[in-house]
$ cat upload.tsv   # TSV, C-alpha atoms
chain	number	residue	atom	x	y	z
A	844	MET	CA	3.07	47.60	67.71
A	845	ASN	CA	2.06	48.33	64.16
A	846	SER	CA	0.77	44.89	63.33
A	847	LYS	CA	-2.91	44.18	63.24
A	848	VAL	CA	-4.29	41.69	65.72
A	849	CYS	CA	-7.46	39.91	64.73
A	850	LEU	CA	-9.70	38.07	67.11
A	851	VAL	CA	-10.43	34.56	65.86
A	852	LEU	CA	-14.15	33.92	66.14
A	853	SER	CA	-16.25	30.86	65.79
A	854	CYS	CA	-19.24	31.27	63.52
A	855	ALA	CA	-21.22	29.15	65.92
A	856	PHE	CA	-21.43	32.10	68.31
A	857	LEU	CA	-22.33	34.76	65.75
A	858	PRO	CA	-26.07	34.81	66.44
A	859	VAL	CA	-25.36	35.76	70.07
A	860	ILE	CA	-22.53	38.24	69.66
A	861	PHE	CA	-23.13	39.60	66.17
A	862	ALA	CA	-24.24	43.02	67.46
A	863	GLY	CA	-21.30	43.40	69.81
A	864	VAL	CA	-18.43	41.79	67.97
A	865	VAL	CA	-15.32	43.81	68.30
A	866	ALA	CA	-11.83	43.10	67.11
A	867	ALA	CA	-8.79	44.96	68.24
A	868	CYS	CA	-6.68	45.53	65.15
A	869	GLY	CA	-3.74	47.92	65.22
A	870	ASN	CA	-3.68	51.01	67.48
A	871	GLY	CA	-6.78	50.23	69.47
A	872	GLU	CA	-8.96	50.44	66.34
A	873	ILE	CA	-12.33	48.88	66.95
A	874	VAL	CA	-13.86	46.88	64.14
A	875	GLY	CA	-17.53	46.36	64.75
A	876	ARG	CA	-18.73	44.01	61.96
A	877	ALA	CA	-18.73	40.23	61.88
A	878	PRO	CA	-16.89	38.25	59.20
A	879	ASP	CA	-18.86	36.61	56.40
A	880	CYS	CA	-18.58	32.95	57.38
A	881	TRP	CA	-20.94	31.70	54.67
A	882	THR	CA	-18.37	31.94	51.85
A	883	PRO	CA	-15.53	29.49	51.17
A	884	LYS	CA	-12.85	32.13	51.74
A	885	THR	CA	-13.49	35.73	52.74
A	886	ASN	CA	-10.96	38.36	53.80
A	887	PHE	CA	-12.05	40.43	56.82
A	888	ASP	CA	-9.24	42.81	57.71
A	889	ASN	CA	-6.64	40.05	57.56
A	890	CYS	CA	-9.06	37.53	59.06
A	891	CYS	CA	-10.31	34.66	56.86
A	892	CYS	CA	-13.31	32.45	57.35
A	893	PHE	CA	-13.37	28.81	56.24
A	894	GLY	CA	-16.53	26.87	56.99
A	895	SER	CA	-17.59	27.72	60.55
A	896	PHE	CA	-14.25	29.06	61.81
A	897	CYS	CA	-12.37	32.29	61.27
A	898	GLU	CA	-8.59	32.35	61.54
A	899	LEU	CA	-5.63	34.63	61.02
A	900	CYS	CA	-4.38	34.36	57.43
A	901	ASP	CA	-2.19	37.45	56.93
A	902	ALA	CA	0.47	37.87	59.60
A	903	GLY	CA	1.95	41.20	60.53
A	904	PRO	CA	5.59	42.10	60.10
A	905	GLY	CA	7.91	39.59	61.74
A	906	GLU	CA	5.33	36.78	61.73
A	907	ASP	CA	5.51	33.75	59.30
A	908	ALA	CA	2.02	32.52	58.69
A	909	GLY	CA	2.47	31.97	54.89
A	910	SER	CA	0.64	33.66	52.02
A	911	ASP	CA	-2.00	32.57	49.52
A	912	ALA	CA	0.61	32.76	46.73
A	913	SER	CA	3.02	30.45	48.54
A	914	MET	CA	0.20	27.99	49.30
A	915	GLU	CA	-0.84	27.92	45.61
A	916	GLU	CA	2.77	27.51	44.49
A	917	ASP	CA	3.21	24.53	46.77
A	918	ALA	CA	0.04	22.97	45.31
A	919	SER	CA	1.12	23.35	41.62
A	920	PRO	CA	1.57	20.03	39.74
A	921	LYS	CA	5.10	18.95	38.97
A	922	CYS	CA	6.34	17.41	35.69
A	923	GLU	CA	7.87	14.08	36.65
A	924	GLY	CA	9.08	13.54	33.09
A	925	THR	CA	10.42	15.99	30.53
A	926	CYS	CA	8.93	19.28	29.36
A	927	VAL	CA	8.67	19.34	25.56
A	928	PRO	CA	7.28	21.94	23.16
A	929	LEU	CA	3.54	22.22	22.65
A	930	ARG	CA	2.25	20.31	19.64
A	931	PRO	CA	1.92	22.41	16.46
A	932	THR	CA	-1.51	23.94	16.00
A	933	ASN	CA	-1.45	23.95	12.21
A	934	ASP	CA	-2.92	20.78	10.68
A	935	ALA	CA	-4.04	17.84	12.79
A	936	TRP	CA	-0.77	17.07	14.55
A	937	SER	CA	-1.06	14.54	17.37
A	938	PHE	CA	-0.03	15.13	20.95
A	939	PRO	CA	3.55	13.97	21.60
A	940	HIS	CA	4.44	10.29	21.47
A	941	LEU	CA	7.61	8.60	22.59
A	942	VAL	CA	8.93	7.00	19.42
A	943	TRP	CA	11.75	4.54	18.77
A	944	PHE	CA	13.22	4.36	15.25
A	945	GLY	CA	15.38	1.46	14.14
A	946	SER	CA	15.82	-1.95	12.54
A	947	ALA	CA	12.76	-4.18	12.45
A	948	ASP	CA	14.93	-7.04	13.73
A	949	GLU	CA	15.86	-5.05	16.84
A	950	ALA	CA	12.51	-3.40	17.63
A	951	ARG	CA	12.23	-2.05	21.19
A	952	THR	CA	9.25	-2.33	23.51
A	953	CYS	CA	7.72	0.73	25.17
A	954	PRO	CA	9.63	1.75	28.31
A	955	ASN	CA	8.37	2.29	31.88
A	956	ASN	CA	5.09	0.46	31.33
A	957	LEU	CA	3.99	3.00	28.72
A	958	LEU	CA	1.32	1.63	26.40
A	959	HIS	CA	2.19	0.86	22.79
A	960	GLN	CA	0.15	3.08	20.45
A	961	PHE	CA	1.04	1.96	16.91
A	962	THR	CA	3.86	0.84	14.62
A	963	ARG	CA	4.80	2.31	11.25
A	964	TYR	CA	7.30	1.06	8.67
A	965	ARG	CA	9.82	1.97	5.97
A	966	ASP	CA	12.73	0.55	3.94
A	967	LEU	CA	10.63	-2.01	2.03
A	968	THR	CA	12.65	-4.90	0.63
A	969	VAL	CA	11.04	-6.65	-2.34
A	970	PRO	CA	12.56	-10.12	-2.89
A	971	ALA	CA	13.27	-11.30	-6.41
A	972	ALA	CA	10.59	-13.56	-7.84
A	973	SER	CA	9.97	-15.70	-10.90
A	974	CYS	CA	7.01	-17.35	-12.56
A	975	GLU	CA	6.51	-20.87	-13.85
A	976	ALA	CA	7.25	-21.16	-17.56
A	977	CYS	CA	4.19	-21.31	-19.80
A	978	THR	CA	3.57	-24.35	-21.99
A	979	CYS	CA	1.10	-25.22	-24.74
A	980	SER	CA	-0.55	-28.55	-25.40
A	981	PRO	CA	-0.35	-30.16	-28.86
A	982	SER	CA	-2.84	-28.59	-31.21
A	983	THR	CA	-6.24	-30.02	-31.92
A	984	GLY	CA	-8.09	-29.80	-35.19
A	985	GLY	CA	-9.52	-31.72	-38.12
A	986	CYS	CA	-9.20	-32.47	-41.84
A	987	THR	CA	-11.40	-31.67	-44.81
A	988	PRO	CA	-11.51	-33.65	-48.10
A	989	PRO	CA	-10.02	-32.13	-51.26
A	990	SER	CA	-12.15	-29.61	-53.10
A	991	THR	CA	-10.85	-30.43	-56.59
A	992	VAL	CA	-10.78	-33.68	-58.61
A	993	VAL	CA	-9.92	-33.28	-62.35
A	994	ALA	CA	-9.46	-35.75	-65.26
A	995	HIS	CA	-6.81	-34.92	-67.86
A	996	ALA	CA	-6.52	-35.88	-71.53
A	997	ALA	CA	-2.88	-36.87	-70.91
A	998	VAL	CA	-0.88	-38.97	-68.49
A	999	CYS	CA	0.48	-37.35	-65.31
A	1000	ASP	CA	3.86	-36.48	-66.81
A	1001	PHE	CA	2.22	-34.41	-69.56
A	1002	VAL	CA	-0.91	-32.94	-67.98
A	1003	SER	CA	0.32	-29.37	-68.36
A	1004	GLY	CA	-1.71	-27.76	-71.15
A	1005	SER	CA	-3.88	-30.82	-71.71
A	1006	ALA	CA	-7.68	-30.75	-71.83
A	1007	GLU	CA	-9.36	-31.00	-68.42
A	1008	THR	CA	-12.62	-32.64	-67.44
A	1009	PRO	CA	-13.75	-31.71	-63.91
A	1010	PHE	CA	-14.91	-34.45	-61.53
A	1011	PRO	CA	-15.65	-32.18	-58.54
A	1012	PRO	CA	-17.11	-33.29	-55.22
A	1013	PRO	CA	-20.24	-31.64	-53.81
A	1014	ASP	CA	-19.97	-28.51	-51.68
A	1015	ALA	CA	-19.06	-29.13	-48.03
A	1016	TRP	CA	-18.05	-32.69	-48.86
A	1017	ASP	CA	-17.29	-34.85	-45.85
A	1018	GLY	CA	-15.60	-37.56	-47.92
A	1019	ALA	CA	-18.57	-39.92	-48.10
A	1020	CYS	CA	-19.27	-41.78	-51.36
A	1021	THR	CA	-20.73	-39.50	-54.02
A	1022	ALA	CA	-21.66	-39.96	-57.71
A	1023	GLU	CA	-22.13	-36.26	-58.29
A	1024	ASN	CA	-20.56	-34.88	-61.50
A	1025	ALA	CA	-19.72	-38.36	-62.88
A	1026	VAL	CA	-17.69	-38.61	-66.15
A	1027	PRO	CA	-18.90	-41.14	-68.76
A	1028	ALA	CA	-16.62	-43.70	-70.47
A	1029	SER	CA	-14.95	-43.09	-73.85
A	1030	LEU	CA	-15.38	-39.33	-73.59
A	1031	ASP	CA	-13.41	-37.77	-76.47
A	1032	CYS	CA	-11.24	-34.66	-76.16
A	1033	GLY	CA	-9.99	-33.73	-79.63
A	1034	GLY	CA	-9.44	-37.27	-80.81
A	1035	VAL	CA	-7.94	-38.57	-77.57
A	1036	PRO	CA	-9.62	-40.00	-74.45
A	1037	CYS	CA	-10.53	-37.31	-71.95
A	1038	VAL	CA	-9.77	-39.61	-68.99
A	1039	GLN	CA	-6.08	-40.58	-69.12
A	1040	SER	CA	-5.12	-39.43	-65.59
A	1041	LEU	CA	-6.85	-38.12	-62.48
A	1042	THR	CA	-5.51	-35.21	-60.37
A	1043	VAL	CA	-6.71	-34.86	-56.75
A	1044	GLY	CA	-6.14	-31.68	-54.73
A	1045	LYS	CA	-4.70	-31.34	-51.21
A	1046	LEU	CA	-6.59	-32.02	-48.03
A	1047	GLY	CA	-7.69	-29.06	-45.96
A	1048	THR	CA	-6.58	-28.63	-42.34
A	1049	THR	CA	-8.73	-27.01	-39.68
A	1050	ASP	CA	-6.72	-26.05	-36.56
A	1051	VAL	CA	-8.63	-25.46	-33.33
A	1052	GLY	CA	-5.48	-24.42	-31.49
A	1053	CYS	CA	-3.38	-25.29	-28.46
A	1054	VAL	CA	-4.36	-25.13	-24.80
A	1055	PRO	CA	-2.07	-22.95	-22.61
A	1056	SER	CA	-0.98	-24.04	-19.17
A	1057	ALA	CA	-2.69	-22.50	-16.17
A	1058	ALA	CA	-1.40	-19.36	-14.51
A	1059	SER	CA	1.61	-19.80	-12.28
A	1060	THR	CA	0.78	-21.21	-8.86
A	1061	LEU	CA	4.16	-20.44	-7.33
A	1062	PRO	CA	3.67	-18.14	-4.33
A	1063	LEU	CA	5.58	-14.90	-4.74
A	1064	PRO	CA	7.80	-14.04	-1.77
A	1065	THR	CA	6.31	-11.41	0.53
A	1066	PRO	CA	8.03	-8.00	0.78
A	1067	GLN	CA	9.56	-7.21	4.17
A	1068	TRP	CA	10.04	-3.95	6.09
A	1069	GLY	CA	13.59	-3.12	7.12
A	1070	GLU	CA	12.83	-0.38	9.68
A	1071	VAL	CA	10.05	0.36	12.15
A	1072	ALA	CA	8.83	3.29	14.21
A	1073	ILE	CA	7.44	2.13	17.59
A	1074	ALA	CA	5.12	4.80	19.02
A	1075	CYS	CA	4.35	4.75	22.76
A	1076	GLU	CA	2.35	6.96	25.09
A	1077	GLY	CA	3.95	10.39	25.18
A	1078	LEU	CA	1.98	12.66	27.52
A	1079	GLU	CA	1.91	12.69	31.33
A	1080	ASP	CA	-1.32	13.21	33.32
A	1081	THR	CA	-0.03	16.67	34.18
A	1082	GLY	CA	0.75	17.29	30.51
A	1083	LEU	CA	-0.72	20.78	30.08
A	1084	SER	CA	-0.23	22.24	33.57
A	1085	ALA	CA	3.18	21.21	34.84
A	1086	CYS	CA	5.48	23.06	32.41
A	1087	ALA	CA	5.84	26.52	30.94
A	1088	GLU	CA	3.02	27.97	28.88
A	1089	ASP	CA	4.65	26.90	25.61
A	1090	GLU	CA	5.45	23.37	26.83
A	1091	MET	CA	3.76	20.17	27.89
A	1092	CYS	CA	4.91	17.32	30.12
A	1093	ALA	CA	6.01	14.11	28.42
A	1094	PRO	CA	7.36	10.94	30.07
A	1095	ARG	CA	11.05	10.89	30.73
A	1096	VAL	CA	12.74	9.82	27.50
A	1097	ASP	CA	14.77	6.61	27.61
A	1098	GLU	CA	17.83	6.33	25.44
A	1099	GLY	CA	16.86	5.77	21.83
A	1100	PHE	CA	13.35	7.23	22.20
A	1101	HIS	CA	12.29	10.61	20.83
A	1102	ALA	CA	9.44	12.97	21.65
A	1103	CYS	CA	7.53	13.28	18.36
A	1104	VAL	CA	4.24	14.54	16.98
A	1105	VAL	CA	2.59	12.66	14.13
A	1106	LEU	CA	0.54	13.60	11.06
A	1107	ASP	CA	-0.89	11.37	8.34
A	1108	GLY	CA	0.63	12.04	4.92
A	1109	ASP	CA	3.98	13.30	3.71
A	1110	ALA	CA	4.14	16.58	5.64
A	1111	ILE	CA	6.64	19.35	6.37
A	1112	CYS	CA	7.84	19.69	9.95
A	1113	PRO	CA	7.66	22.96	11.93
A	1114	VAL	CA	10.65	25.29	11.83
A	1115	GLU	CA	10.89	25.24	15.63
A	1116	GLY	CA	10.45	22.62	18.30
A	1117	TYR	CA	9.57	19.45	16.41
A	1118	THR	CA	11.99	19.87	13.52
A	1119	GLU	CA	13.48	16.39	12.96
A	1120	ARG	CA	11.51	14.74	10.15
A	1121	HIS	CA	10.94	11.01	9.57
A	1122	VAL	CA	8.53	9.58	6.98
A	1123	TYR	CA	7.23	6.05	7.55
A	1124	TYR	CA	4.29	4.10	6.09
A	1125	ARG	CA	1.23	2.27	7.31
A	1126	THR	CA	1.35	-0.49	4.69
A	1127	PHE	CA	2.38	-1.36	1.15
A	1128	THR	CA	0.57	-2.18	-2.08
A	1129	ASN	CA	1.61	-5.34	-3.88
A	1130	THR	CA	0.43	-5.73	-7.47
A	1131	ARG	CA	3.08	-8.23	-8.46
A	1132	THR	CA	1.64	-11.19	-10.35
A	1133	CYS	CA	2.44	-13.63	-13.13
A	1134	THR	CA	0.78	-12.87	-16.45
A	1135	ALA	CA	-1.58	-15.44	-17.92
A	1136	CYS	CA	-0.26	-17.97	-20.42
A	1137	SER	CA	-1.37	-17.96	-24.05
A	1138	CYS	CA	-0.50	-19.79	-27.23
A	1139	GLY	CA	0.37	-18.57	-30.71
A	1140	ASP	CA	-0.77	-19.90	-34.05
A	1141	VAL	CA	-0.57	-23.59	-34.80
A	1142	GLU	CA	2.48	-24.65	-36.73
A	1143	GLY	CA	3.34	-28.06	-38.21
A	1144	SER	CA	-0.08	-29.71	-38.13
A	1145	SER	CA	-1.01	-31.95	-41.06
A	1146	CYS	CA	-3.64	-34.27	-42.47
A	1147	THR	CA	-3.50	-37.51	-44.46
A	1148	ALA	CA	-6.24	-39.61	-46.13
A	1149	ALA	CA	-6.96	-42.20	-48.81
A	1150	VAL	CA	-8.88	-41.18	-51.94
A	1151	THR	CA	-10.55	-43.75	-54.22
A	1152	ALA	CA	-12.37	-43.52	-57.59
A	1153	TYR	CA	-14.91	-46.10	-58.79
A	1154	LYS	CA	-16.41	-47.08	-62.14
A	1155	ASP	CA	-19.94	-47.38	-60.77
A	1156	ASP	CA	-22.07	-44.86	-58.90
A	1157	ALA	CA	-22.05	-46.71	-55.55
A	1158	CYS	CA	-18.33	-46.96	-54.78
A	1159	ASP	CA	-18.26	-50.71	-55.39
A	1160	ALA	CA	-16.30	-51.14	-58.65
A	1161	PHE	CA	-12.78	-50.02	-57.79
A	1162	LEU	CA	-10.99	-48.00	-60.46
A	1163	LEU	CA	-7.97	-46.33	-58.82
A	1164	GLY	CA	-6.79	-44.94	-55.49
A	1165	THR	CA	-3.90	-43.23	-53.68
A	1166	THR	CA	-2.98	-41.33	-50.51
A	1167	ILE	CA	-3.04	-37.57	-50.25
A	1168	SER	CA	-2.09	-35.10	-47.56
A	1169	SER	CA	-2.51	-31.48	-46.58
A	1170	ASP	CA	0.91	-30.78	-48.04
A	1171	LYS	CA	0.27	-32.12	-51.54
A	1172	GLY	CA	-2.31	-33.78	-53.74
A	1173	ALA	CA	-1.76	-36.63	-56.19
A	1174	CYS	CA	-1.94	-37.51	-59.88
A	1175	ILE	CA	-2.90	-41.09	-60.88
A	1176	ASP	CA	-2.53	-42.52	-64.42
A	1177	MET	CA	-5.57	-44.36	-65.80
A	1178	SER	CA	-5.13	-47.87	-67.25
A	1179	PRO	CA	-6.72	-48.61	-69.60
A	1180	LEU	CA	-7.48	-45.10	-70.85
A	1181	GLY	CA	-10.95	-43.62	-71.20
A	1182	GLN	CA	-12.70	-45.49	-68.37
A	1183	PRO	CA	-15.71	-43.94	-66.65
A	1184	LEU	CA	-15.49	-41.96	-63.38
A	1185	GLY	CA	-18.67	-43.07	-61.68
A	1186	SER	CA	-18.13	-42.23	-57.96
A	1187	LYS	CA	-15.49	-41.33	-55.38
A	1188	ARG	CA	-14.84	-41.14	-51.64
A	1189	VAL	CA	-12.18	-40.20	-49.10
A	1190	THR	CA	-11.40	-42.40	-46.08
A	1191	ASP	CA	-8.97	-42.59	-43.19
A	1192	LEU	CA	-8.80	-38.83	-42.56
A	1193	LYS	CA	-6.17	-38.32	-39.89
A	1194	TYR	CA	-5.15	-35.06	-38.16
A	1195	SER	CA	-1.56	-34.84	-36.89
A	1196	SER	CA	-1.12	-32.24	-34.17
A	1197	GLY	CA	1.12	-29.25	-34.52
A	1198	THR	CA	2.69	-26.97	-31.92
A	1199	CYS	CA	2.07	-23.46	-30.64
A	1200	ALA	CA	4.58	-21.00	-29.25
A	1201	PRO	CA	3.75	-20.18	-25.59
A	1202	SER	CA	3.77	-16.66	-24.23
A	1203	GLY	CA	3.01	-15.03	-20.88
A	1204	GLY	CA	4.17	-16.22	-17.50
A	1205	LYS	CA	6.07	-13.01	-16.92
A	1206	LEU	CA	6.34	-11.15	-13.63
A	1207	GLU	CA	4.61	-7.78	-13.74
A	1208	GLY	CA	3.50	-5.17	-11.22
A	1209	ALA	CA	5.35	-3.79	-8.22
A	1210	ALA	CA	5.37	-3.67	-4.43
A	1211	GLU	CA	5.56	-0.12	-3.05
A	1212	PRO	CA	5.04	1.60	0.32
A	1213	SER	CA	1.69	3.35	0.75
A	1214	ASP	CA	-0.15	5.59	3.24
A	1215	PRO	CA	2.78	7.73	4.46
A	1216	VAL	CA	2.94	9.08	8.02
A	1217	THR	CA	5.21	11.94	9.08
A	1218	PHE	CA	6.95	12.00	12.48
A	1219	CYS	CA	8.36	15.36	13.57
A	1220	CYS	CA	10.58	15.02	16.61
A	1221	VAL	CA	12.49	17.14	19.10
A	1222	PRO	CA	16.15	16.87	18.00
$ encode --input "upload.tsv" --output "structure tokens"
Amino acid sequence: MNSKVCLVLSCAFLPVIFAGVVAACGNGEIVGRAPDCWTPKTNFDNCCCFGSFCELCDAGPGEDAGSDASMEEDASPKCEGTCVPLRPTNDAWSFPHLVWFGSADEARTCPNNLLHQFTRYRDLTVPAASCEACTCSPSTGGCTPPSTVVAHAAVCDFVSGSAETPFPPPDAWDGACTAENAVPASLDCGGVPCVQSLTVGKLGTTDVGCVPSAASTLPLPTPQWGEVAIACEGLEDTGLSACAEDEMCAPRVDEGFHACVVLDGDAICPVEGYTERHVYYRTFTNTRTCTACSCGDVEGSSCTAAVTAYKDDACDAFLLGTTISSDKGACIDMSPLGQPLGSKRVTDLKYSSGTCAPSGGKLEGAAEPSDPVTFCCVP
């Protein structure tokens, strides 16, 4: 026989027989050294020691004891799912995920008890919206007395070109009784009485303005996503050791799911392996709002009042009176002519509100997807 025969020895007896151990291997060849039993696995002329026992581990021709290679092959992990390409090494691509792409109304759950990792979105629908119309309150304001009062040496119908005698009120007059700048009686203007008529100027109008309505309180409809990407676990426990060197083990893909790697941002997919590109988004920005309301200039406001002239300096001896407005003054004929202008006052000042043109209340801004995420998938 050409095969080697090795004597199986127990390490427990080595101290006794170490000097005389012999093993018949082959053609009567005597091997006179003991195996090293203090190592996990040591070859000794086809004899192997494990722990405290030595056993035959390499059979001769015709014998089927198995080899180290076959034992290691049997112990290799198996991919129970699907082998997919290794993740790209450029940029910070994720390990594979199982991803479902589709309508948000028909979103799938992760299959086979795989954990959900995250959801991303696209196809943002922005509903039409409108704002409440702006309005303006009636204007507020006040009236100021006339700044001019003038006597003429002619009746009202012929005052043009006639001699004038001013009877002005004091500066910043509030309309109260005043004897300032009085005109004496029988004052002569070229042979005729200087006081034949009295012209009073227009009232002044002070507009404060209108108050705009508050900003629109109508809630704007919220944008909605039309499509979602549901990302699930995508790597088996044996991920890096159960497939070829350029592959990794992913769970078995259910219909509608894809093996994909993910990278934040709008990225370019690899030219091999994960080549199918999908861009989704984490969220959206919504700057839509209704502009504030404002009001234009006041239009149509007016003032009215009563103006009275007196002979004395204390506004007791009535001489003449009329109504005036902010649109026009008045001219009053004197009868008899040439009477004194001793004092004057303005009463019953009344402000009539005007209107303001509203503006604002317009929809501005936009709702747009933001924070893109790129999925690159195995086709």
$ residues_around --input "upload.tsv" --residues "range 1138-1141 of chain A" --least-positions-apart "2" --cutoff "6 Å" --atoms "all atoms listed in the file" --output "VMD selection string"
chain A and resid 1052 1055 1197 to 1201
$ atom_distance --input "upload.tsv" --atom1 "CA of Ala1148 in chain A" --atom2 "CA of Gly1181 in chain A"
25.8 Å
$ closest_atom_pairs --input "upload.tsv" --of "range 1115-1173 of chain A" --to "range 1214-1218 of chain A" --cutoff "7 Å" --atoms "all atoms listed in the file" --output "JSON lines"
{"residue": "A:Arg1120", "atom": "CA", "partner": "A:Phe1218", "partner_atom": "CA", "distance": 5.8}
{"residue": "A:His1121", "atom": "CA", "partner": "A:Phe1218", "partner_atom": "CA", "distance": 5.0}
{"residue": "A:Val1122", "atom": "CA", "partner": "A:Thr1217", "partner_atom": "CA", "distance": 4.6}
{"residue": "A:Tyr1123", "atom": "CA", "partner": "A:Val1216", "partner_atom": "CA", "distance": 5.3}
{"residue": "A:Tyr1124", "atom": "CA", "partner": "A:Pro1215", "partner_atom": "CA", "distance": 4.3}
{"residue": "A:Arg1125", "atom": "CA", "partner": "A:Asp1214", "partner_atom": "CA", "distance": 5.4}
{"residue": "A:Thr1126", "atom": "CA", "partner": "A:Asp1214", "partner_atom": "CA", "distance": 6.4}
$ residues_around --input "upload.tsv" --residues "Cys1053 in chain A" --least-positions-apart "2" --cutoff "6 Å" --atoms "all atoms listed in the file" --output "NGL selection string"
:A and (979-982)
$ write_last_selection --input "upload.tsv" --atoms "C-alpha atoms" --output "short mmCIF file (atom, residue, chain, number, x, y, z; two decimals), keeping the file's coordinate frame"
data_model
loop_
_atom_site.label_atom_id
_atom_site.label_comp_id
_atom_site.auth_asym_id
_atom_site.auth_seq_id
_atom_site.Cartn_x
_atom_site.Cartn_y
_atom_site.Cartn_z
CA CYS A 979 1.10 -25.22 -24.74
CA SER A 980 -0.55 -28.55 -25.40
CA PRO A 981 -0.35 -30.16 -28.86
CA SER A 982 -2.84 -28.59 -31.21
#
$ atom_distance --input "upload.tsv" --atom1 "CA of Gly1185 in chain A" --atom2 "CA of Ala1157 in chain A"
7.9 Å
$ residues_around --input "upload.tsv" --residues "Ser946 in chain A" --least-positions-apart "6" --cutoff "7 Å" --atoms "all atoms listed in the file" --output "list of chain:residue names"
A:Gly1069, A:Glu1070, A:Val1071
$ atom_distance --input "upload.tsv" --atom1 "CA of Cys1146 in chain A" --atom2 "CA of Val1026 in chain A"
27.9 Å
$ closest_residue --input "upload.tsv" --among "A:Tyr1117, A:Phe1127, A:Trp1016, A:Tyr1194" --to "Arg930 in chain A" --atoms "all atoms listed in the file"
A:Tyr1117
$ residues_around --input "upload.tsv" --residues "Thr1165 in chain A" --least-positions-apart "3" --cutoff "10 Å" --atoms "all atoms listed in the file" --output "PyMOL selection string"
chain A and resi 1043+1148-1152+1172-1175+1189
$ residues_around --input "upload.tsv" --residues "Lys921 in chain A" --least-positions-apart "6" --cutoff "12 Å" --atoms "only C-alpha atoms" --output "list in words"
Glu1079, Asp1080, Thr1081, Gly1082, Leu1083, Ser1084, Ala1085, Cys1086, Ala1087, Met1091, Cys1092 and Ala1093 of chain A
$ write_last_selection --input "upload.tsv" --atoms "C-alpha atoms" --output "PDB file, keeping the file's coordinate frame"
ATOM      1  CA  GLU A1079       1.910  12.690  31.330  1.00  0.00           C
ATOM      2  CA  ASP A1080      -1.320  13.210  33.320  1.00  0.00           C
ATOM      3  CA  THR A1081      -0.030  16.670  34.180  1.00  0.00           C
ATOM      4  CA  GLY A1082       0.750  17.290  30.510  1.00  0.00           C
ATOM      5  CA  LEU A1083      -0.720  20.780  30.080  1.00  0.00           C
ATOM      6  CA  SER A1084      -0.230  22.240  33.570  1.00  0.00           C
ATOM      7  CA  ALA A1085       3.180  21.210  34.840  1.00  0.00           C
ATOM      8  CA  CYS A1086       5.480  23.060  32.410  1.00  0.00           C
ATOM      9  CA  ALA A1087       5.840  26.520  30.940  1.00  0.00           C
ATOM     10  CA  MET A1091       3.760  20.170  27.890  1.00  0.00           C
ATOM     11  CA  CYS A1092       4.910  17.320  30.120  1.00  0.00           C
ATOM     12  CA  ALA A1093       6.010  14.110  28.420  1.00  0.00           C
TER      13      ALA A1093
END
$ closest_residue --input "upload.tsv" --among "A:Ala976, A:Ala1074, A:Thr1048, A:Arg1095" --to "Glu923 in chain A" --atoms "all atoms listed in the file"
A:Arg1095
$ closest_residue --input "upload.tsv" --among "A:Leu941, A:Ala1072, A:Val969, A:Leu1184" --to "Val992 in chain A" --atoms "only C-alpha atoms"
A:Leu1184
$ decode --input "upload.tsv" --residues "range 1088-1098 of chain A" --atoms "N, CA and C atoms" --output "PDB file, in the first residue's frame"
ATOM      1  N   GLU A1088     -17.169  38.985  -4.717  1.00  0.00           N
ATOM      2  CA  GLU A1088     -16.412  40.087  -4.137  1.00  0.00           C
ATOM      3  C   GLU A1088     -16.975  41.449  -4.504  1.00  0.00           C
ATOM      4  N   ASP A1089     -17.618  41.575  -5.649  1.00  0.00           N
ATOM      5  CA  ASP A1089     -18.154  42.866  -6.076  1.00  0.00           C
ATOM      6  C   ASP A1089     -19.657  42.965  -5.827  1.00  0.00           C
ATOM      7  N   GLU A1090     -20.173  42.146  -4.878  1.00  0.00           N
ATOM      8  CA  GLU A1090     -21.586  42.157  -4.570  1.00  0.00           C
ATOM      9  C   GLU A1090     -21.811  42.127  -3.070  1.00  0.00           C
ATOM     10  N   MET A1091     -23.031  42.403  -2.680  1.00  0.00           N
ATOM     11  CA  MET A1091     -23.441  42.276  -1.287  1.00  0.00           C
ATOM     12  C   MET A1091     -24.854  41.689  -1.269  1.00  0.00           C
ATOM     13  N   CYS A1092     -25.234  41.136  -0.137  1.00  0.00           N
ATOM     14  CA  CYS A1092     -26.488  40.395  -0.034  1.00  0.00           C
ATOM     15  C   CYS A1092     -27.592  41.307   0.486  1.00  0.00           C
ATOM     16  N   ALA A1093     -28.619  41.470  -0.327  1.00  0.00           N
ATOM     17  CA  ALA A1093     -29.789  42.268   0.042  1.00  0.00           C
ATOM     18  C   ALA A1093     -30.977  41.331   0.212  1.00  0.00           C
ATOM     19  N   PRO A1094     -32.012  41.778   0.960  1.00  0.00           N
ATOM     20  CA  PRO A1094     -33.206  40.932   1.090  1.00  0.00           C
ATOM     21  C   PRO A1094     -33.827  40.661  -0.275  1.00  0.00           C
ATOM     22  N   ARG A1095     -34.535  39.557  -0.346  1.00  0.00           N
ATOM     23  CA  ARG A1095     -35.183  39.218  -1.599  1.00  0.00           C
ATOM     24  C   ARG A1095     -36.202  40.300  -1.937  1.00  0.00           C
ATOM     25  N   VAL A1096     -36.154  40.785  -3.157  1.00  0.00           N
ATOM     26  CA  VAL A1096     -36.955  41.941  -3.568  1.00  0.00           C
ATOM     27  C   VAL A1096     -38.365  41.499  -3.921  1.00  0.00           C
ATOM     28  N   ASP A1097     -39.358  42.082  -3.218  1.00  0.00           N
ATOM     29  CA  ASP A1097     -40.753  41.855  -3.592  1.00  0.00           C
ATOM     30  C   ASP A1097     -41.080  42.666  -4.835  1.00  0.00           C
ATOM     31  N   GLU A1098     -42.152  42.295  -5.477  1.00  0.00           N
ATOM     32  CA  GLU A1098     -42.568  43.025  -6.670  1.00  0.00           C
ATOM     33  C   GLU A1098     -42.844  44.484  -6.320  1.00  0.00           C
TER      34      GLU A1098
END
